[in-house]
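Participant: Below is the file upload19.tsv, which contains TSV, C-alpha atoms and all ligand atoms.
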```tsv
chain	number	residue	atom	x	y	z
R	1	MET	CA	-135.78	-3.55	-175.60
R	2	THR	CA	-132.30	-2.25	-174.98
R	3	LEU	CA	-130.81	-3.85	-171.94
R	4	ILE	CA	-127.13	-3.87	-171.11
R	5	ASP	CA	-125.42	-7.25	-170.68
R	6	GLN	CA	-125.71	-7.16	-166.91
R	7	ASP	CA	-129.45	-6.47	-167.13
R	8	LYS	CA	-129.99	-9.32	-169.56
R	9	ILE	CA	-128.26	-11.69	-167.15
R	10	ALA	CA	-130.39	-10.48	-164.22
R	11	TYR	CA	-133.54	-10.68	-166.38
R	12	LEU	CA	-132.78	-14.30	-167.24
R	13	ALA	CA	-131.73	-15.11	-163.68
R	14	ASN	CA	-135.14	-13.88	-162.46
R	15	VAL	CA	-136.84	-16.27	-164.86
R	16	LEU	CA	-134.47	-19.12	-163.99
R	17	LEU	CA	-135.11	-18.65	-160.29
R	18	ILE	CA	-138.78	-19.43	-160.92
R	19	ALA	CA	-137.99	-22.25	-163.32
R	20	TYR	CA	-135.70	-23.85	-160.73
R	21	ALA	CA	-138.13	-23.40	-157.85
R	22	ASP	CA	-139.42	-26.95	-158.28
R	23	LYS	CA	-135.86	-28.23	-158.65
R	24	LYS	CA	-136.22	-29.44	-162.21
R	25	ILE	CA	-136.35	-27.97	-165.69
R	26	SER	CA	-138.68	-29.79	-168.05
R	27	PRO	CA	-138.09	-29.78	-171.81
R	28	ARG	CA	-141.10	-27.46	-172.13
R	29	GLU	CA	-139.52	-25.07	-169.66
R	30	SER	CA	-136.23	-25.32	-171.54
R	31	ALA	CA	-137.97	-24.37	-174.76
R	32	ALA	CA	-139.69	-21.47	-173.02
R	33	LEU	CA	-136.38	-20.28	-171.57
R	34	GLU	CA	-134.83	-20.41	-175.02
R	35	GLU	CA	-137.70	-18.36	-176.44
R	36	ILE	CA	-137.33	-15.81	-173.63
R	37	ARG	CA	-133.58	-15.57	-174.17
R	38	LYS	CA	-134.07	-14.80	-177.86
R	39	GLY	CA	-136.91	-12.40	-177.02
R	40	ILE	CA	-134.56	-10.09	-175.15
R	41	ASP	CA	-131.74	-10.63	-177.63
R	42	ALA	CA	-129.52	-12.25	-175.01
R	43	LYS	CA	-126.63	-14.52	-175.87
R	44	LYS	CA	-126.23	-18.09	-174.67
R	45	SER	CA	-123.36	-16.81	-172.54
R	46	HIS	CA	-125.85	-14.51	-170.76
R	47	MET	CA	-127.99	-17.53	-169.95
R	48	THR	CA	-124.95	-19.40	-168.69
R	49	SER	CA	-124.02	-16.49	-166.42
R	50	ALA	CA	-127.62	-16.24	-165.19
R	51	GLN	CA	-127.54	-19.97	-164.46
R	52	LYS	CA	-124.35	-19.60	-162.44
R	53	ASN	CA	-125.88	-16.77	-160.42
R	54	VAL	CA	-128.97	-18.79	-159.59
R	55	GLU	CA	-126.96	-21.93	-158.86
R	56	GLY	CA	-125.00	-19.92	-156.32
R	57	GLY	CA	-128.13	-20.25	-154.17
R	58	SER	CA	-128.22	-16.71	-152.85
R	59	TYR	CA	-129.69	-15.00	-155.91
R	60	ILE	CA	-132.79	-12.94	-155.24
R	61	LEU	CA	-135.24	-11.47	-157.74
R	62	THR	CA	-133.88	-8.21	-159.10
R	63	LYS	CA	-135.65	-5.37	-160.88
R	64	VAL	CA	-134.26	-4.84	-164.37
R	65	GLY	CA	-134.50	-1.81	-166.65
R	66	SER	CA	-137.59	0.37	-167.04
R	67	PHE	CA	-141.05	-0.39	-165.67
R	68	ALA	CA	-141.99	-1.81	-169.09
R	69	ASP	CA	-138.96	-4.13	-168.94
R	70	GLN	CA	-139.96	-5.24	-165.46
R	71	VAL	CA	-143.51	-6.03	-166.53
R	72	ARG	CA	-142.17	-7.97	-169.47
R	73	ASN	CA	-139.83	-9.80	-167.10
R	74	LEU	CA	-142.83	-10.68	-164.93
R	75	GLU	CA	-144.70	-11.92	-168.00
R	76	ASP	CA	-141.78	-14.16	-168.90
R	77	ILE	CA	-141.59	-15.39	-165.31
R	78	LEU	CA	-145.29	-16.28	-165.50
R	79	PHE	CA	-144.75	-17.91	-168.88
R	80	VAL	CA	-142.19	-20.30	-167.41
R	81	ALA	CA	-144.18	-20.80	-164.20
R	82	LEU	CA	-147.32	-21.76	-166.13
R	83	MET	CA	-145.51	-23.83	-168.74
R	84	ASP	CA	-145.88	-27.20	-167.05
R	85	SER	CA	-148.90	-26.77	-164.81
R	86	ASP	CA	-150.28	-24.40	-162.23
R	87	PRO	CA	-147.44	-22.85	-160.27
R	88	ASP	CA	-146.75	-24.46	-156.91
R	89	GLU	CA	-146.58	-22.58	-153.63
R	90	GLN	CA	-142.90	-21.72	-153.92
R	91	LYS	CA	-143.34	-20.29	-157.43
R	92	GLU	CA	-146.44	-18.36	-156.39
R	93	LYS	CA	-144.54	-16.83	-153.52
R	94	LEU	CA	-141.75	-15.65	-155.81
R	95	ILE	CA	-144.27	-14.28	-158.32
R	96	ASP	CA	-146.13	-12.37	-155.60
R	97	GLU	CA	-142.85	-11.02	-154.29
R	98	PHE	CA	-141.72	-9.82	-157.71
R	99	SER	CA	-145.12	-8.29	-158.53
R	100	LYS	CA	-145.10	-6.29	-155.30
R	101	GLU	CA	-141.51	-5.25	-155.91
R	102	ILE	CA	-142.34	-3.68	-159.29
R	103	GLY	CA	-145.73	-2.33	-158.17
R	104	ILE	CA	-148.15	-4.68	-159.93
R	105	TYR	CA	-151.44	-5.14	-158.12
R	106	LYS	CA	-153.29	-8.39	-157.66
R	107	ASP	CA	-155.94	-7.66	-160.32
R	108	GLN	CA	-153.25	-6.67	-162.83
R	109	LEU	CA	-151.36	-9.82	-161.97
R	110	ASP	CA	-154.48	-11.91	-162.53
R	111	ARG	CA	-154.90	-10.32	-165.95
R	112	LEU	CA	-151.26	-11.01	-166.83
R	113	MET	CA	-151.79	-14.59	-165.65
R	114	SER	CA	-154.69	-15.19	-168.01
R	115	ASP	CA	-152.83	-13.53	-170.90
R	116	THR	CA	-149.89	-15.76	-170.17
R	117	ALA	CA	-152.05	-18.89	-170.02
R	118	ARG	CA	-153.09	-18.07	-173.59
R	119	ARG	CA	-149.45	-17.58	-174.57
R	120	CYS	CA	-148.68	-21.03	-173.15
R	121	ASP	CA	-151.47	-22.54	-175.23
R	122	GLN	CA	-150.00	-20.97	-178.34
R	123	ALA	CA	-146.52	-22.10	-177.38
R	124	ASP	CA	-147.97	-25.59	-177.17
R	125	HIS	CA	-148.37	-25.54	-180.89
R	126	SER	CA	-145.05	-23.96	-181.67
R	127	LEU	CA	-142.47	-25.35	-179.28
R	128	ALA	CA	-138.89	-25.01	-180.39
R	129	CYS	CA	-136.43	-27.86	-179.95
R	130	PRO	CA	-134.17	-26.90	-177.04
R	131	ALA	CA	-131.19	-28.36	-178.88
R	132	CYS	CA	-131.55	-27.05	-182.44
R	133	SER	CA	-134.50	-24.59	-182.23
R	134	THR	CA	-136.53	-26.33	-184.94
R	135	ALA	CA	-140.28	-25.85	-184.43
R	136	ILE	CA	-141.74	-29.12	-183.27
R	137	PRO	CA	-145.19	-30.44	-182.38
R	138	THR	CA	-145.71	-30.47	-178.61
R	139	GLN	CA	-146.44	-34.14	-178.32
R	140	SER	CA	-143.25	-35.19	-180.09
R	141	ARG	CA	-140.97	-37.40	-178.07
R	142	PHE	CA	-137.99	-36.65	-180.25
R	143	CYS	CA	-137.01	-33.66	-182.37
R	144	PRO	CA	-137.66	-34.56	-186.02
R	145	SER	CA	-134.66	-32.49	-187.04
R	146	CYS	CA	-131.84	-33.36	-184.65
R	147	GLY	CA	-133.29	-36.33	-182.77
R	148	ALA	CA	-132.98	-34.77	-179.32
R	149	ALA	CA	-135.23	-36.46	-176.76
R	150	LEU	CA	-138.03	-34.14	-175.66
R	151	THR	CA	-139.68	-36.00	-172.82
R	152	ALA	CA	-138.45	-35.51	-169.29
R	153	THR	CA	-137.54	-39.13	-168.66
R	154	GLU	CA	-135.73	-39.59	-171.92
R	155	SER	CA	-133.90	-36.29	-172.05
R	156	PRO	CA	-130.17	-36.45	-171.73
R	157	ALA	CA	-130.40	-34.63	-168.44
R	158	VAL	CA	-127.33	-32.81	-167.30
R	159	GLN	CA	-126.89	-32.72	-163.57
R	160	ILE	CA	-125.98	-29.33	-162.29
R	161	GLY	CA	-125.11	-28.70	-158.70
R	162	PHE	CA	-127.78	-26.33	-157.51
R	163	GLU	CA	-127.51	-25.95	-153.80
R	164	ILE	CA	-130.10	-24.12	-151.78
R	165	PRO	CA	-129.17	-23.88	-148.16
R	166	PRO	CA	-129.82	-25.42	-145.76
R	167	GLN	CA	-130.54	-28.69	-147.55
R	168	GLY	CA	-128.69	-29.11	-150.81
R	169	TYR	CA	-129.96	-31.01	-153.80
R	170	ALA	CA	-129.06	-31.38	-157.42
R	171	ILE	CA	-131.51	-30.39	-160.10
R	172	GLU	CA	-131.75	-31.88	-163.54
R	173	PHE	CA	-131.21	-29.47	-166.37
R	174	CYS	CA	-132.31	-31.05	-169.59
R	175	VAL	CA	-130.54	-28.94	-172.15
R	176	ALA	CA	-127.11	-27.49	-172.70
R	177	LEU	CA	-127.71	-23.79	-173.22
Z	1	ZN	ZN	-133.70	-30.52	-182.52
```
Would it be possible to restate this file's structure as structure tokens?
Facilitator:
Amino acid sequence: MTLIDQDKIAYLANVLLIAYADKKISPRESAALEEIRKGIDAKKSHMTSAQKNVEGGSYILTKVGSFADQVRNLEDILFVALMDSDPDEQKEKLIDEFSKEIGIYKDQLDRLMSDTARRCDQADHSLACPACSTAIPTQSRFCPSCGAALTATESPAVQIGFEIPPQGYAIEFCVAL
């Protein structure tokens, strides 16, 4: 995949928009985001820029690159959406919107969904520590390598101001990217 910097930022912002839809990023989502970032060869600074765009509150899903890139983007969006549990209404709405935008039909989307569910199962067994990227067993509460807390309640959550008009709220972002 050869995306220019701007595309990488938009690609990540699309994924982040879904990840933020329930107002919190779990450690599992953080690990997935990290995997996605590396998958498109994006720098941490790209992720930071994507984060800023989404935090601005007015970011909307944006098509990036070729059709193949867009499908991959959708797959990564699904990956994050399915990471914790079944996507909620807000996430589903965004996924539907994005699928329509790039011309993916419902049956194709369903197929991508089931492929992605399998990918999540595999990721379960090979989660990377969001802090140091060491592969860690899913059920670990702490990273065996760097000691970072991996459960939502014990993570050193960083508050970031993520305002969505009209009612603002802060989300918890559990990892410094
Ligand atoms: Zn670690």
Participant: How would you write, as a list in words, the set of residues no farther than 12 Å from ligand ZN 1 (chain Z) when counting only C-alpha atoms and all ligand atoms?
Facilitator: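 Checked against 12 Å with only C-alpha atoms and all ligand atoms; the hits are Pro27, Ala31, Leu127, Ala128, Cys129, Pro130, Ala131, Cys132, Ser133, Thr134, Ala135, Ile136, Pro137, Ser140, Arg141, Phe142, Cys143, Pro144, Ser145, Cys146, Gly147, Ala148, Ala149, Leu150, Ser155 and Val175 of chain R.
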Participant: Given the choices R:Lys63, R:Arg72, R:Lys24, R:His46, which gets closest to Glu97 of chain R if the distance is worked out from all atoms listed in the file?
Facilitator: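 Once distances to Glu97 of chain R are computed over all atoms listed in the file, the minimum belongs to R:Lys63.
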Participant: For atom CA of Ser30 of chain R and atom CA of Asp110 of chain R, quote the distance in Å rounded to one decimal.
Facilitator: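 Atom CA of Asp110 of chain R lies 24.4 Å from atom CA of Ser30 of chain R.
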Participant: For Ser26 of chain R, which residue out of R:Ala10, R:Met83, R:Ile40, R:Leu112 is the nearest one, using only C-alpha atoms?
Facilitator: R:Met83
Participant: One decimal, in Å: what's the spacing between atom CA of Ala50 of chain R and atom CA of Asp69 of chain R?
Facilitator: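 Here the two named atoms are 17.0 Å from each other.
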Participant: Go through R:Ser99, R:Thr2, R:Ser45, R:Asn53 and flag the residue nearest Leu74 of chain R, using all atoms listed in the file for the distances.
Facilitator: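 Using all atoms listed in the file, Leu74 of chain R sits closest to R:Ser99.
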Participant: Have a look at atom CA of Tyr20 of chain R and atom CA of Ser66 of chain R and let me know their distance in Å, one decimal.
Facilitator: 25.1 Å
Participant: For Asp96 of chain R, please output as a list in words all residues within 12 Å (counting all atoms listed in the file; exclusion window: fewer than 6 positions along the same chain).
Facilitator: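 After dropping sequence-adjacent residues, the list is Ile18, Leu61, Leu74, Ile77, Leu78, Pro87, Glu89, Gln90, Ile102, Gly103, Ile104, Tyr105, Lys106, Asp107, Gln108, Leu109, Asp110 and Met113 of chain R.
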Participant: Now that the selection is made, can you save its residues with C-alpha atoms as a PDB file, in the frame of the given file?
Facilitator:
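Saved file again.pdb follows:
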```
ATOM      1  CA  ILE R  18    -138.780 -19.430-160.920  1.00  0.00           C
ATOM      2  CA  LEU R  61    -135.240 -11.470-157.740  1.00  0.00           C
ATOM      3  CA  LEU R  74    -142.830 -10.680-164.930  1.00  0.00           C
ATOM      4  CA  ILE R  77    -141.590 -15.390-165.310  1.00  0.00           C
ATOM      5  CA  LEU R  78    -145.290 -16.280-165.500  1.00  0.00           C
ATOM      6  CA  PRO R  87    -147.440 -22.850-160.270  1.00  0.00           C
ATOM      7  CA  GLU R  89    -146.580 -22.580-153.630  1.00  0.00           C
ATOM      8  CA  GLN R  90    -142.900 -21.720-153.920  1.00  0.00           C
ATOM      9  CA  ILE R 102    -142.340  -3.680-159.290  1.00  0.00           C
ATOM     10  CA  GLY R 103    -145.730  -2.330-158.170  1.00  0.00           C
ATOM     11  CA  ILE R 104    -148.150  -4.680-159.930  1.00  0.00           C
ATOM     12  CA  TYR R 105    -151.440  -5.140-158.120  1.00  0.00           C
ATOM     13  CA  LYS R 106    -153.290  -8.390-157.660  1.00  0.00           C
ATOM     14  CA  ASP R 107    -155.940  -7.660-160.320  1.00  0.00           C
ATOM     15  CA  GLN R 108    -153.250  -6.670-162.830  1.00  0.00           C
ATOM     16  CA  LEU R 109    -151.360  -9.820-161.970  1.00  0.00           C
ATOM     17  CA  ASP R 110    -154.480 -11.910-162.530  1.00  0.00           C
ATOM     18  CA  MET R 113    -151.790 -14.590-165.650  1.00  0.00           C
TER      19      MET R 113
END
```
Participant: From the list R:Ala32, R:Ala117, R:Val71, R:Val15, which residue is nearest Ser85 of chain R when using only C-alpha atoms?
Facilitator: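 When distances to Ser85 of chain R are compared using only C-alpha atoms, the smallest one comes from R:Ala117.
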Participant: Between R:Asn14, R:Thr116, R:Gln6, R:Gln122, which is the closest to Thr62 of chain R once you count only C-alpha atoms?
Facilitator: R:Asn14
Participant: Counting all atoms listed in the file, which of R:Val54, R:Leu94, R:Val64, R:Leu82 gets nearest to Ser114 of chain R?
Facilitator: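 Looking only at the distances to Ser114 of chain R, the closest residue turns out to be R:Leu82.
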